[in-house]
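work.cif follows; it contains mmCIF, C-alpha atoms and all ligand atoms.
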data_upload
loop_
_atom_site.label_atom_id
_atom_site.label_comp_id
_atom_site.auth_asym_id
_atom_site.auth_seq_id
_atom_site.Cartn_x
_atom_site.Cartn_y
_atom_site.Cartn_z
CA MET K 1401 5.42 18.06 -3.36
CA GLY K 1402 8.53 20.14 -3.40
CA ARG K 1403 10.00 22.21 -0.65
CA SER K 1404 8.69 25.38 -2.21
CA GLY K 1405 5.10 24.21 -2.20
CA MET K 1406 2.59 22.36 -4.27
CA GLN K 1407 2.77 21.41 -7.86
CA TRP K 1408 -0.67 20.68 -9.05
CA GLY K 1409 -1.08 17.33 -10.71
CA ALA K 1410 -2.71 18.72 -13.81
CA VAL K 1411 0.58 20.19 -14.91
CA GLY K 1412 1.98 18.44 -17.92
CA CYS K 1413 -0.78 15.91 -18.53
CA SER K 1414 -1.23 16.67 -22.18
CA GLY K 1415 -3.25 14.32 -24.30
CA ALA K 1416 -0.18 13.18 -26.20
CA GLN K 1417 1.66 12.32 -23.00
CA TRP K 1418 -1.09 10.29 -21.48
CA GLY K 1419 -1.93 8.70 -24.82
CA ASP K 1420 1.63 7.58 -25.35
CA ALA K 1421 1.68 6.13 -21.87
CA VAL K 1422 -1.57 4.23 -22.20
CA VAL K 1423 -1.25 3.00 -25.74
CA ALA K 1424 2.47 2.31 -25.85
CA VAL K 1425 2.69 0.71 -22.44
CA ARG K 1426 -0.50 -1.24 -22.77
CA GLY K 1427 -0.46 -1.57 -26.54
CA ARG K 1428 -2.28 -4.87 -26.62
CA ARG K 1429 -5.13 -3.16 -24.81
CA GLY K 1430 -5.57 -0.59 -27.52
CA ALA K 1431 -9.06 -1.83 -28.32
CA HIS K 1432 -10.23 -0.81 -24.86
CA VAL K 1433 -8.83 2.68 -25.32
CA SER K 1434 -10.41 2.96 -28.76
CA LEU K 1435 -13.78 1.84 -27.42
CA LEU K 1436 -13.79 4.47 -24.72
CA ALA K 1437 -12.52 7.11 -27.15
CA ARG K 1438 -15.58 6.58 -29.31
CA THR K 1439 -17.92 7.23 -26.40
CA ALA K 1440 -17.21 10.95 -26.58
CA ALA K 1441 -19.44 11.19 -29.66
CA LEU K 1442 -22.15 8.69 -28.71
CA PRO K 1443 -25.75 9.58 -27.80
CA ALA K 1444 -27.02 8.74 -24.34
CA ARG K 1445 -28.66 5.46 -25.35
CA ASP K 1446 -25.49 4.11 -26.92
CA LEU K 1447 -23.48 5.28 -23.92
CA ARG K 1448 -25.67 3.17 -21.67
CA ALA K 1449 -25.13 0.20 -23.96
CA VAL K 1450 -21.36 0.54 -23.77
CA ALA K 1451 -21.45 1.00 -20.00
CA ALA K 1452 -23.58 -2.13 -19.65
CA ARG K 1453 -20.66 -4.21 -20.95
CA PHE K 1454 -18.86 -3.56 -17.68
CA ASP K 1455 -19.66 -3.96 -13.99
CA SER K 1456 -20.65 -0.77 -12.15
CA VAL K 1457 -19.63 1.71 -14.83
CA PHE K 1458 -21.45 4.88 -15.79
CA LEU K 1459 -20.45 6.87 -18.87
CA SER K 1460 -21.10 10.40 -19.98
CA PRO K 1461 -19.78 12.17 -23.07
CA ARG K 1462 -16.98 13.65 -20.90
CA SER K 1463 -15.98 10.39 -19.20
CA TYR K 1464 -13.26 9.58 -21.68
CA GLU K 1465 -11.71 13.01 -21.31
CA CYS K 1466 -11.79 12.75 -17.52
CA ALA K 1467 -10.23 9.29 -17.64
CA ARG K 1468 -7.47 10.62 -19.87
CA LEU K 1469 -6.77 13.41 -17.45
CA ALA K 1470 -6.72 11.00 -14.52
CA ALA K 1471 -4.23 8.60 -16.10
CA GLY K 1472 -2.18 11.46 -17.49
CA THR K 1473 -2.01 13.19 -14.12
CA ALA K 1474 -0.71 10.03 -12.47
CA CYS K 1475 1.90 9.70 -15.22
CA ALA K 1476 2.93 13.33 -14.84
CA ALA K 1477 3.30 12.87 -11.10
CA VAL K 1478 5.52 9.82 -11.55
CA SER K 1479 7.63 11.59 -14.15
CA ALA K 1480 8.19 14.57 -11.88
CA VAL K 1481 9.23 12.35 -8.98
CA LEU K 1482 11.56 10.15 -11.01
CA ARG K 1483 13.21 13.21 -12.52
CA ALA K 1484 13.65 14.64 -9.01
CA GLN K 1485 11.69 17.74 -9.93
CA VAL K 1486 9.65 17.16 -6.81
CA ARG K 1487 10.23 14.95 -3.83
CA ASN K 1488 6.79 13.35 -3.87
CA ALA K 1489 3.43 13.98 -5.47
CA VAL K 1490 -0.30 13.48 -5.21
CA ALA K 1491 -2.67 12.92 -8.12
CA ILE K 1492 -6.15 14.00 -7.03
CA VAL K 1493 -8.11 12.50 -9.87
CA ARG K 1494 -11.43 11.07 -10.87
CA PRO K 1495 -12.47 8.53 -12.05
CA PRO K 1496 -10.58 6.07 -9.85
CA GLY K 1497 -8.65 3.27 -11.48
CA HIS K 1498 -7.79 0.19 -9.43
CA HIS K 1499 -10.78 -1.90 -10.58
CA ALA K 1500 -9.93 -1.41 -14.26
CA GLY K 1501 -8.18 -4.48 -15.55
CA PRO K 1502 -6.24 -5.12 -18.71
CA GLY K 1503 -8.67 -4.14 -21.39
CA ALA K 1504 -11.73 -3.76 -19.19
CA ALA K 1505 -13.41 -1.06 -17.13
CA GLY K 1506 -15.22 -1.78 -13.87
CA GLY K 1507 -16.19 -0.41 -10.48
CA PHE K 1508 -16.34 3.27 -11.57
CA CYS K 1509 -12.88 2.84 -13.13
CA LEU K 1510 -12.11 3.29 -16.83
CA PHE K 1511 -8.30 3.20 -16.96
CA ASN K 1512 -6.11 1.85 -14.20
CA ASN K 1513 -4.34 5.07 -13.27
CA VAL K 1514 -1.84 3.53 -10.87
CA ALA K 1515 -0.95 0.68 -13.21
CA VAL K 1516 -0.49 3.03 -16.15
CA ALA K 1517 1.66 5.31 -14.00
CA ALA K 1518 3.79 2.39 -12.76
CA GLN K 1519 4.46 1.14 -16.25
CA HIS K 1520 5.04 4.68 -17.45
CA GLY K 1521 7.69 5.03 -14.77
CA GLN K 1522 9.29 1.74 -15.77
CA SER K 1523 9.39 2.83 -19.39
CA LEU K 1524 11.04 6.11 -18.38
CA ALA K 1525 13.64 4.25 -16.34
CA GLY K 1526 14.31 1.72 -19.05
CA GLY K 1527 12.33 -1.08 -17.50
CA ALA K 1528 14.42 -1.88 -14.44
CA LEU K 1529 12.38 -0.15 -11.78
CA ARG K 1530 11.04 -1.91 -8.74
CA VAL K 1531 7.66 -0.47 -7.89
CA LEU K 1532 5.65 -1.00 -4.72
CA ILE K 1533 1.94 -0.38 -5.06
CA LEU K 1534 0.14 -0.15 -1.74
CA ASP K 1535 -3.62 -0.13 -2.12
CA TRP K 1536 -5.39 1.00 1.04
CA ASP K 1537 -8.75 1.56 -0.63
CA VAL K 1538 -11.37 -0.49 1.22
CA HIS K 1539 -12.13 -2.42 -1.97
CA HIS K 1540 -9.72 -4.93 -3.41
CA GLY K 1541 -7.85 -3.59 -6.42
CA ASN K 1542 -8.72 -6.52 -8.61
CA GLY K 1543 -7.66 -4.71 -11.77
CA THR K 1544 -4.23 -3.79 -10.48
CA GLN K 1545 -3.68 -7.32 -9.19
CA LYS K 1546 -4.61 -8.83 -12.51
CA ILE K 1547 -2.30 -6.53 -14.44
CA PHE K 1548 0.76 -7.29 -12.29
CA GLU K 1549 0.13 -10.76 -10.93
CA GLU K 1550 2.84 -12.28 -13.15
CA ASP K 1551 5.25 -9.36 -12.85
CA PRO K 1552 7.98 -9.65 -10.19
CA SER K 1553 9.05 -6.04 -10.71
CA VAL K 1554 5.86 -4.77 -9.08
CA LEU K 1555 4.98 -5.70 -5.51
CA TYR K 1556 1.26 -5.23 -5.01
CA ILE K 1557 -0.11 -5.12 -1.46
CA SER K 1558 -3.78 -4.51 -0.82
CA LEU K 1559 -5.60 -3.86 2.47
CA HIS K 1560 -9.29 -4.35 1.90
CA ARG K 1561 -12.53 -5.90 3.04
CA HIS K 1562 -12.86 -9.47 1.89
CA ASP K 1563 -16.16 -10.70 3.17
CA GLY K 1564 -18.89 -12.28 1.17
CA SER K 1565 -20.18 -10.21 -1.67
CA PHE K 1566 -18.38 -6.99 -0.78
CA PHE K 1567 -17.28 -5.46 -4.08
CA PRO K 1568 -15.62 -6.73 -6.22
CA GLY K 1569 -16.46 -10.12 -4.67
CA GLY K 1570 -15.05 -13.44 -5.74
CA SER K 1571 -11.80 -14.95 -4.53
CA GLY K 1572 -9.43 -12.49 -6.17
CA GLY K 1573 -8.87 -10.59 -2.93
CA SER K 1574 -8.22 -13.68 -0.86
CA PRO K 1575 -4.99 -13.77 1.15
CA ARG K 1576 -4.36 -17.05 -0.61
CA ARG K 1577 -3.83 -15.24 -3.90
CA ARG K 1578 -0.12 -14.54 -4.07
CA GLY K 1579 0.48 -13.97 -7.75
CA ARG K 1580 1.24 -16.32 -10.61
CA GLY K 1581 4.28 -17.62 -12.45
CA ARG K 1582 7.31 -15.41 -11.95
CA GLY K 1583 5.14 -13.04 -9.97
CA THR K 1584 4.35 -15.56 -7.27
CA GLY K 1585 4.92 -13.93 -3.92
CA PHE K 1586 4.64 -10.41 -5.26
CA THR K 1587 0.93 -10.10 -4.57
CA ILE K 1588 -0.14 -9.77 -0.94
CA ASN K 1589 -3.76 -9.48 0.07
CA VAL K 1590 -4.77 -8.49 3.58
CA GLY K 1591 -8.49 -9.18 3.69
CA TRP K 1592 -10.57 -7.96 6.62
CA GLY K 1593 -13.22 -10.52 7.43
CA GLY K 1594 -15.92 -7.90 7.94
CA PRO K 1595 -16.64 -4.22 8.50
CA ARG K 1596 -15.37 -1.99 11.32
CA ALA K 1597 -11.66 -2.43 10.68
CA GLY K 1598 -10.02 0.69 12.02
CA ASP K 1599 -6.81 2.34 13.10
CA PRO K 1600 -5.33 -0.61 15.04
CA GLU K 1601 -5.87 -3.03 12.20
CA TYR K 1602 -4.43 -0.78 9.52
CA LEU K 1603 -1.44 0.30 11.58
CA LEU K 1604 -0.77 -3.27 12.62
CA ALA K 1605 -0.78 -4.34 9.00
CA MET K 1606 1.51 -1.47 8.08
CA THR K 1607 4.08 -2.06 10.78
CA ARG K 1608 4.08 -5.85 10.91
CA LEU K 1609 3.55 -6.74 7.27
CA VAL K 1610 3.75 -3.93 4.72
CA LEU K 1611 6.95 -2.27 5.92
CA PRO K 1612 8.96 -5.44 6.63
CA VAL K 1613 8.09 -6.96 3.26
CA ALA K 1614 8.54 -3.68 1.42
CA CYS K 1615 11.90 -3.22 3.09
CA GLN K 1616 13.06 -6.54 1.66
CA PHE K 1617 11.66 -5.68 -1.76
CA SER K 1618 13.53 -2.35 -1.65
CA PRO K 1619 11.34 -0.44 -4.09
CA GLN K 1620 12.66 2.43 -6.16
CA LEU K 1621 9.22 4.00 -6.44
CA VAL K 1622 6.20 3.74 -4.18
CA LEU K 1623 2.72 4.29 -5.51
CA VAL K 1624 -0.35 4.35 -3.30
CA SER K 1625 -3.84 3.60 -4.47
CA ALA K 1626 -5.11 6.08 -1.95
CA GLY K 1627 -8.78 5.43 -1.49
CA PHE K 1628 -10.45 6.93 1.57
CA ASP K 1629 -13.55 4.76 1.65
CA ALA K 1630 -12.11 2.85 4.60
CA GLY K 1631 -12.47 6.08 6.52
CA ARG K 1632 -14.93 6.53 9.34
CA GLY K 1633 -18.24 7.73 7.98
CA ASP K 1634 -17.91 6.44 4.44
CA PRO K 1635 -21.29 5.15 3.27
CA LEU K 1636 -19.81 2.21 1.33
CA GLY K 1637 -16.79 1.08 3.29
CA GLY K 1638 -18.19 0.45 6.77
CA CYS K 1639 -14.74 0.79 8.31
CA LEU K 1640 -13.42 3.08 11.03
CA VAL K 1641 -10.10 4.48 9.92
CA SER K 1642 -9.54 7.99 11.25
CA PRO K 1643 -7.99 10.73 9.08
CA PRO K 1644 -4.71 10.87 11.05
CA THR K 1645 -4.10 7.21 10.30
CA PHE K 1646 -3.97 7.93 6.59
CA GLY K 1647 -1.35 10.57 7.30
CA LEU K 1648 0.56 8.21 9.55
CA MET K 1649 0.58 5.50 6.89
CA THR K 1650 1.92 8.07 4.42
CA HIS K 1651 4.62 8.98 6.92
CA LEU K 1652 5.59 5.34 7.34
CA LEU K 1653 5.96 4.90 3.59
CA GLY K 1654 8.24 7.92 3.41
CA GLY K 1655 11.20 5.83 4.50
CA LEU K 1656 11.04 3.71 1.36
CA ALA K 1657 12.49 4.41 -2.09
CA GLY K 1658 14.26 7.53 -0.89
CA GLY K 1659 10.90 9.15 -0.36
CA ARG K 1660 9.82 8.75 -3.99
CA LEU K 1661 6.17 8.48 -3.13
CA VAL K 1662 3.16 9.19 -5.33
CA LEU K 1663 -0.38 9.04 -4.00
CA VAL K 1664 -3.17 8.54 -6.52
CA LEU K 1665 -6.72 9.07 -5.34
CA GLU K 1666 -9.05 6.09 -5.64
CA GLY K 1667 -12.40 5.74 -3.87
CA GLY K 1668 -13.96 7.78 -1.12
CA TYR K 1669 -17.67 8.56 -0.98
CA ASN K 1670 -17.97 10.73 2.09
CA LEU K 1671 -16.59 14.00 0.79
CA GLY K 1672 -15.77 15.31 4.25
CA ALA K 1673 -13.94 12.17 5.34
CA THR K 1674 -12.12 11.97 2.00
CA ALA K 1675 -11.01 15.58 2.26
CA GLU K 1676 -9.84 15.12 5.84
CA GLY K 1677 -7.90 11.97 5.01
CA MET K 1678 -6.28 13.46 1.95
CA GLY K 1679 -5.53 16.61 3.91
CA GLN K 1680 -3.60 14.58 6.46
CA CYS K 1681 -1.62 12.89 3.69
CA LEU K 1682 -0.86 16.22 2.02
CA GLY K 1683 0.34 17.68 5.30
CA VAL K 1684 2.74 14.81 5.85
CA LEU K 1685 4.09 15.03 2.31
CA LEU K 1686 4.71 18.73 2.83
CA GLY K 1687 6.69 18.03 5.97
CA THR K 1688 4.17 18.36 8.76
CA PRO K 1689 4.74 15.78 11.50
CA PRO K 1690 2.06 13.09 11.48
CA VAL K 1691 -0.66 13.12 14.07
CA LEU K 1692 -1.37 10.02 16.09
CA PRO K 1693 -4.91 8.74 15.66
CA PRO K 1694 -7.27 9.07 18.62
CA PRO K 1695 -7.55 6.12 20.99
CA ARG K 1696 -10.27 3.72 20.07
CA HIS K 1697 -11.78 3.91 23.55
CA PRO K 1698 -10.93 7.27 25.09
CA PRO K 1699 -10.75 7.26 28.88
CA THR K 1700 -13.87 8.51 30.53
CA ARG K 1701 -14.39 10.51 33.69
CA GLY K 1702 -14.13 8.36 36.74
CA ALA K 1703 -11.45 6.04 35.44
CA ALA K 1704 -9.33 4.68 38.25
CA GLY K 1705 -6.07 5.94 36.81
CA PRO K 1706 -3.72 5.66 33.86
CA GLY K 1707 -3.69 1.89 34.01
CA ALA K 1708 -7.42 1.49 34.27
CA GLU K 1709 -9.24 -0.25 31.44
CA PRO K 1710 -11.62 2.16 29.72
CA PRO K 1711 -15.14 0.93 29.24
CA PRO K 1712 -15.95 -0.42 25.80
CA ALA K 1713 -17.82 1.79 23.40
CA ALA K 1714 -21.31 0.82 22.40
CA GLY K 1715 -21.42 -1.86 19.75
CA VAL K 1716 -17.79 -2.92 20.14
CA GLU K 1717 -17.03 -6.31 21.57
CA LEU K 1718 -13.86 -6.63 23.54
CA PRO K 1719 -12.18 -9.85 24.57
CA PRO K 1720 -12.05 -10.69 28.25
CA PRO K 1721 -9.12 -9.02 30.01
CA ALA K 1722 -5.96 -11.04 29.82
CA PRO K 1723 -4.53 -12.28 33.10
CA ARG K 1724 -1.68 -10.20 34.43
CA ARG K 1725 1.61 -11.93 33.69
CA SER K 1726 5.04 -11.48 35.12
CA PRO K 1727 7.60 -9.75 32.86
CA ARG K 1728 9.59 -12.96 32.41
CA SER K 1729 6.71 -15.12 31.36
CA PRO K 1730 6.30 -15.72 27.61
CA PRO K 1731 3.54 -13.86 25.80
CA PRO K 1732 0.25 -15.67 25.43
CA ARG K 1733 -0.17 -17.78 22.36
CA GLN K 1734 -2.85 -15.63 20.81
CA GLN K 1735 -0.66 -12.54 21.13
CA ARG K 1736 2.19 -14.25 19.33
CA ALA K 1737 -0.22 -15.24 16.62
CA ALA K 1738 -1.36 -11.66 16.22
CA MET K 1739 2.23 -10.52 15.84
CA THR K 1740 2.91 -12.92 13.02
CA SER K 1741 3.48 -11.00 9.83
CA HIS K 1742 1.63 -13.34 7.53
CA ALA K 1743 -1.18 -12.02 5.45
CA ALA K 1744 -3.58 -14.77 6.35
CA THR K 1745 -3.40 -13.98 10.03
CA MET K 1746 -4.68 -10.49 9.38
CA THR K 1747 -8.13 -11.90 8.84
CA SER K 1748 -8.18 -13.57 12.22
CA PRO K 1749 -9.95 -11.96 15.15
CA ALA K 1750 -6.71 -12.08 17.09
CA ALA K 1751 -5.24 -9.43 14.82
CA THR K 1752 -8.11 -7.08 15.41
CA MET K 1753 -7.85 -7.47 19.13
CA THR K 1754 -4.22 -6.51 19.39
CA SER K 1755 -3.51 -3.49 21.51
CA PRO K 1756 -3.17 -0.24 19.56
CA ALA K 1757 0.12 0.25 21.32
CA VAL K 1758 1.61 -2.51 19.18
CA ALA K 1759 0.48 -0.80 16.03
CA MET K 1760 1.86 2.53 17.16
CA THR K 1761 5.43 1.35 16.78
CA SER K 1762 7.52 4.20 15.48
CA ARG K 1763 8.97 4.10 12.01
CA ALA K 1764 12.49 4.10 13.32
CA ALA K 1765 11.84 1.03 15.40
CA VAL K 1766 10.22 -0.79 12.51
CA MET K 1767 12.84 0.05 9.95
CA THR K 1768 15.71 -0.98 12.17
CA SER K 1769 14.17 -4.18 13.39
CA GLN K 1770 14.93 -7.41 11.66
CA PRO K 1771 11.91 -8.41 9.59
CA ARG K 1772 10.74 -11.93 9.73
CA PRO K 1773 12.36 -13.95 6.94
CA TRP K 1774 9.67 -14.16 4.33
CA THR K 1775 10.97 -15.47 1.08
CA PRO K 1776 8.88 -15.91 -2.03
CA SER K 1777 10.04 -18.07 -4.87
CA CYS K 1778 12.55 -15.51 -6.04
CA ALA K 1779 15.35 -13.64 -4.40
CA TRP K 1780 14.54 -10.51 -2.47
CA ARG K 1781 16.87 -7.59 -2.41
CA SER K 1782 17.80 -6.59 1.04
CA CYS K 1783 16.99 -3.04 2.03
CA THR K 1784 20.22 -2.96 3.95
CA SER K 1785 22.09 -2.69 0.65
CA GLY K 1786 21.20 0.98 0.66
CA THR K 1787 17.92 2.79 0.60
CA PRO K 1788 18.31 5.65 -1.86
CA ARG K 1789 18.52 9.10 -0.43
CA GLY K 1790 16.03 11.63 -1.63
CA GLY K 1791 16.54 14.29 -4.22
CA ARG K 1792 18.27 12.19 -6.87
CA SER K 1793 16.80 11.50 -10.24
CA LEU K 1794 16.52 7.91 -11.33
CA LEU K 1795 16.64 9.02 -14.94
CA GLN K 1796 19.96 10.89 -14.95
CA ALA K 1797 22.36 8.49 -13.34
CA PRO K 1798 22.16 5.07 -11.79
CA PRO K 1799 21.63 5.27 -8.09
CA PRO K 1800 24.71 4.57 -6.03
CA TRP K 1801 23.50 1.28 -4.69
CA GLU K 1802 22.95 -0.26 -8.14
CA GLY K 1803 25.61 -2.66 -9.27
CA ARG K 1804 27.37 -2.59 -5.97
CA ALA K 1805 28.45 -6.09 -5.37
CA ARG K 1806 27.68 -7.31 -1.94
CA GLY K 1807 30.63 -9.06 -0.50
CA PRO K 1808 30.45 -12.50 1.01
CA PRO K 1809 29.09 -12.68 4.49
CA PRO K 1810 31.74 -12.14 7.14
CA PRO K 1811 33.20 -15.30 8.64
CA PRO K 1812 31.77 -16.24 11.96
CA ALA K 1813 33.69 -14.87 14.86
CA ARG K 1814 36.04 -17.44 16.35
CA ARG K 1815 35.13 -18.37 19.80
CA ARG K 1816 37.88 -17.74 22.23
CA ARG K 1817 38.45 -20.67 24.41
CA SER K 1818 38.27 -20.07 28.02
CA PRO K 1819 41.70 -20.40 29.61
CA ARG K 1820 40.41 -23.02 31.95
CA ARG K 1821 38.41 -24.96 29.36
CA GLY K 1822 40.10 -28.08 28.08
CA ARG K 1823 42.57 -28.32 30.91
CA CYS K 1824 42.57 -31.06 33.41
CA SER K 1825 41.98 -29.87 36.81
CA PRO K 1826 44.57 -31.00 39.33
ZN ZN K 1901 -13.06 1.72 -2.98
#
Show this structure as structure tokens.
Ligand SMILES: [Zn+2]
Amino acid sequence: MGRSGMQWGAVGCSGAQWGDAVVAVRGRRGAHVSLLARTAALPARDLRAVAARFDSVFLSPRSYECARLAAGTACAAVSAVLRAQVRNAVAIVRPPGHHAGPGAAGGFCLFNNVAVAAQHGQSLAGGALRVLILDWDVHHGNGTQKIFEEDPSVLYISLHRHDGSFFPGGSGGSPRRRGRGRGTGFTINVGWGGPRAGDPEYLLAMTRLVLPVACQFSPQLVLVSAGFDAGRGDPLGGCLVSPPTFGLMTHLLGGLAGGRLVLVLEGGYNLGATAEGMGQCLGVLLGTPPVLPPPRHPPTRGAAGPGAEPPPAAGVELPPPAPRRSPRSPPPRQQRAAMTSHAATMTSPAATMTSPAVAMTSRAAVMTSQPRPWTPSCAWRSCTSGTPRGGRSLLQAPPPWEGRARGPPPPPARRRRSPRRGRCSP
């Protein structure tokens, strides 16, 4: 989105452009592209046979063309942002992409749009481009994880349901999966242990995990697998995220990578909820201040005052009220556990019970606070070395913070001895 208004994602997604991106970047996966290309001329019976090779895939004679447009639109959006033609962009595309792995379709996805766009951006920038992919679709992006799990240049963070047989199932979305080889530590899975995750959980994960880790990674481009099937009312997701929260998460990401932010639509099966969520994101990208999500338990008539506990809504279990503590007393153990910014703790009930007020921390407070030291097996770049300012192309000149040697840490301040210390008293 530029200051002057929208640039529609379909601009510039010619077949040659997308084809170059898919085939050149993922050349060893050319057989998958060729297979799907042949489906355009297949009769219905053969189409069903090809679709049956994959999990949860339906093909029509126009599927290949739609998949080309989807991947090409994501590439065009990334190109426009990296060239500073626009500040940020949204690719409203179908089919989705984050279940498509290297050389395989799956879960309604034919090509992995976000992965193709990320690698297209890296090829445009000459390879040295740190990309953060945040996947807030309610399903785990197993395809995206598999593509980048050995790649330390791409930090992949997924917020998703990870309970039992919820699609895509298996252990791929477990918080224990942290990447492989050189990419160890660059995959972070936040798996909700069941349905009904909502605004507090997502905002807690954003403020206590995603932003601190992303700040250390210091991405130069942020891509979002923006599914809206975690939204309230989605028939598949079973979660309770309100539309303003999607806008607020977009706002929080705006402080990274100089605002180079590209949202790519993934799932979302309640058209009204999807439209509302995407509308909130679009508004934020166009400069509208984000809207705070509604309280989970709005105060009802007859409440005893501002400090009164509202009654729980039907079907929601609340923990017993915590005993009132004096300001100097340490926080209870379970509260400290909920504040821990480790992915595994996000699956614990303590995280879901944290007050929404914690998750409502402003971006300024989060970005200026010292994140918890969280070091994977490789060296992180500190965001304090200079977050790029917006409006500068990555393709025309190296950003000012590149190559700037960081000096040695300043020597510790010498403690001044107290005049009386060390002297013998008379
Ligand atoms: Zn989904």
For chain K versus ligand ZN 1901 (chain K), which residues have an atom no more than 7 Å away, and what is each residue's nearest atom pair and distance in Å rounded to one decimal, using only C-alpha atoms and all ligand atoms, chain-then-number order, as JSON lines?
{"residue": "K:Asp1537", "atom": "CA", "partner": "K:ZN1901", "partner_atom": "ZN", "distance": 4.9}
{"residue": "K:Val1538", "atom": "CA", "partner": "K:ZN1901", "partner_atom": "ZN", "distance": 5.0}
{"residue": "K:His1539", "atom": "CA", "partner": "K:ZN1901", "partner_atom": "ZN", "distance": 4.4}
{"residue": "K:Gly1627", "atom": "CA", "partner": "K:ZN1901", "partner_atom": "ZN", "distance": 5.9}
{"residue": "K:Asp1629", "atom": "CA", "partner": "K:ZN1901", "partner_atom": "ZN", "distance": 5.6}
{"residue": "K:Glu1666", "atom": "CA", "partner": "K:ZN1901", "partner_atom": "ZN", "distance": 6.5}
{"residue": "K:Gly1667", "atom": "CA", "partner": "K:ZN1901", "partner_atom": "ZN", "distance": 4.2}
{"residue": "K:Gly1668", "atom": "CA", "partner": "K:ZN1901", "partner_atom": "ZN", "distance": 6.4}
Expressed in Å to a single decimal, how great is the separation between CA of Leu1623 (chain K) and CA of Leu1653 (chain K)? 9.7 Å
Using only C-alpha atoms for the distances, tell me which of K:Val1691, K:Arg1561, K:Pro1612, K:Ser1571 is nearest to Leu1636 (chain K). K:Arg1561
Surrounding residues of Met1678 (chain K) excluding itself and chain neighbours under 4 positions, 10 Å, all atoms listed in the file, as a PyMOL selection string: chain K and resi 1490+1492+1626-1628+1643-1644+1646-1647+1663+1665+1672-1674+1682-1684
For a quick check of understanding, using all atoms listed in the file, which of K:Ser1523, K:Asn1488, K:Asn1513, K:Asn1670 has the smallest distance to Thr1650 (chain K)? K:Asn1488
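Coordinates place CA of Gly1501 (chain K) at a distance of 25.6 Å from CA of Pro1443 (chain K).
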Using all atoms listed in the file and a cutoff of 12 Å, can you tell me which residues are near (-21.3, -4.7, 9.4) in the file's coordinates, and write them out as a short mmCIF file (atom, residue, chain, number, x, y, z; two decimals) with C-alpha atoms, keeping the file's coordinate frame?
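Contents of the output file result_6.cif:
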data_model
loop_
_atom_site.label_atom_id
_atom_site.label_comp_id
_atom_site.auth_asym_id
_atom_site.auth_seq_id
_atom_site.Cartn_x
_atom_site.Cartn_y
_atom_site.Cartn_z
CA ARG K 1561 -12.53 -5.90 3.04
CA ASP K 1563 -16.16 -10.70 3.17
CA GLY K 1564 -18.89 -12.28 1.17
CA PHE K 1566 -18.38 -6.99 -0.78
CA TRP K 1592 -10.57 -7.96 6.62
CA GLY K 1593 -13.22 -10.52 7.43
CA GLY K 1594 -15.92 -7.90 7.94
CA PRO K 1595 -16.64 -4.22 8.50
CA ARG K 1596 -15.37 -1.99 11.32
CA ALA K 1597 -11.66 -2.43 10.68
CA PRO K 1635 -21.29 5.15 3.27
CA LEU K 1636 -19.81 2.21 1.33
CA GLY K 1637 -16.79 1.08 3.29
CA GLY K 1638 -18.19 0.45 6.77
CA CYS K 1639 -14.74 0.79 8.31
CA LEU K 1640 -13.42 3.08 11.03
CA GLY K 1715 -21.42 -1.86 19.75
CA VAL K 1716 -17.79 -2.92 20.14
#
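Reported to one decimal place, the separation of CA of Val1531 (chain K) from CA of Val1613 (chain K) is 12.9 Å.
The nearest approach to Ala1437 (chain K) among the residues K:Gly1581, K:Gly1677, K:Gly1569, K:Pro1461, with all atoms listed in the file taken into account, belongs to K:Pro1461.
Nearest to Phe1508 (chain K) of all the residues K:Arg1468, K:Arg1445, K:His1520, K:Arg1494 is K:Arg1494, based on all atoms listed in the file.
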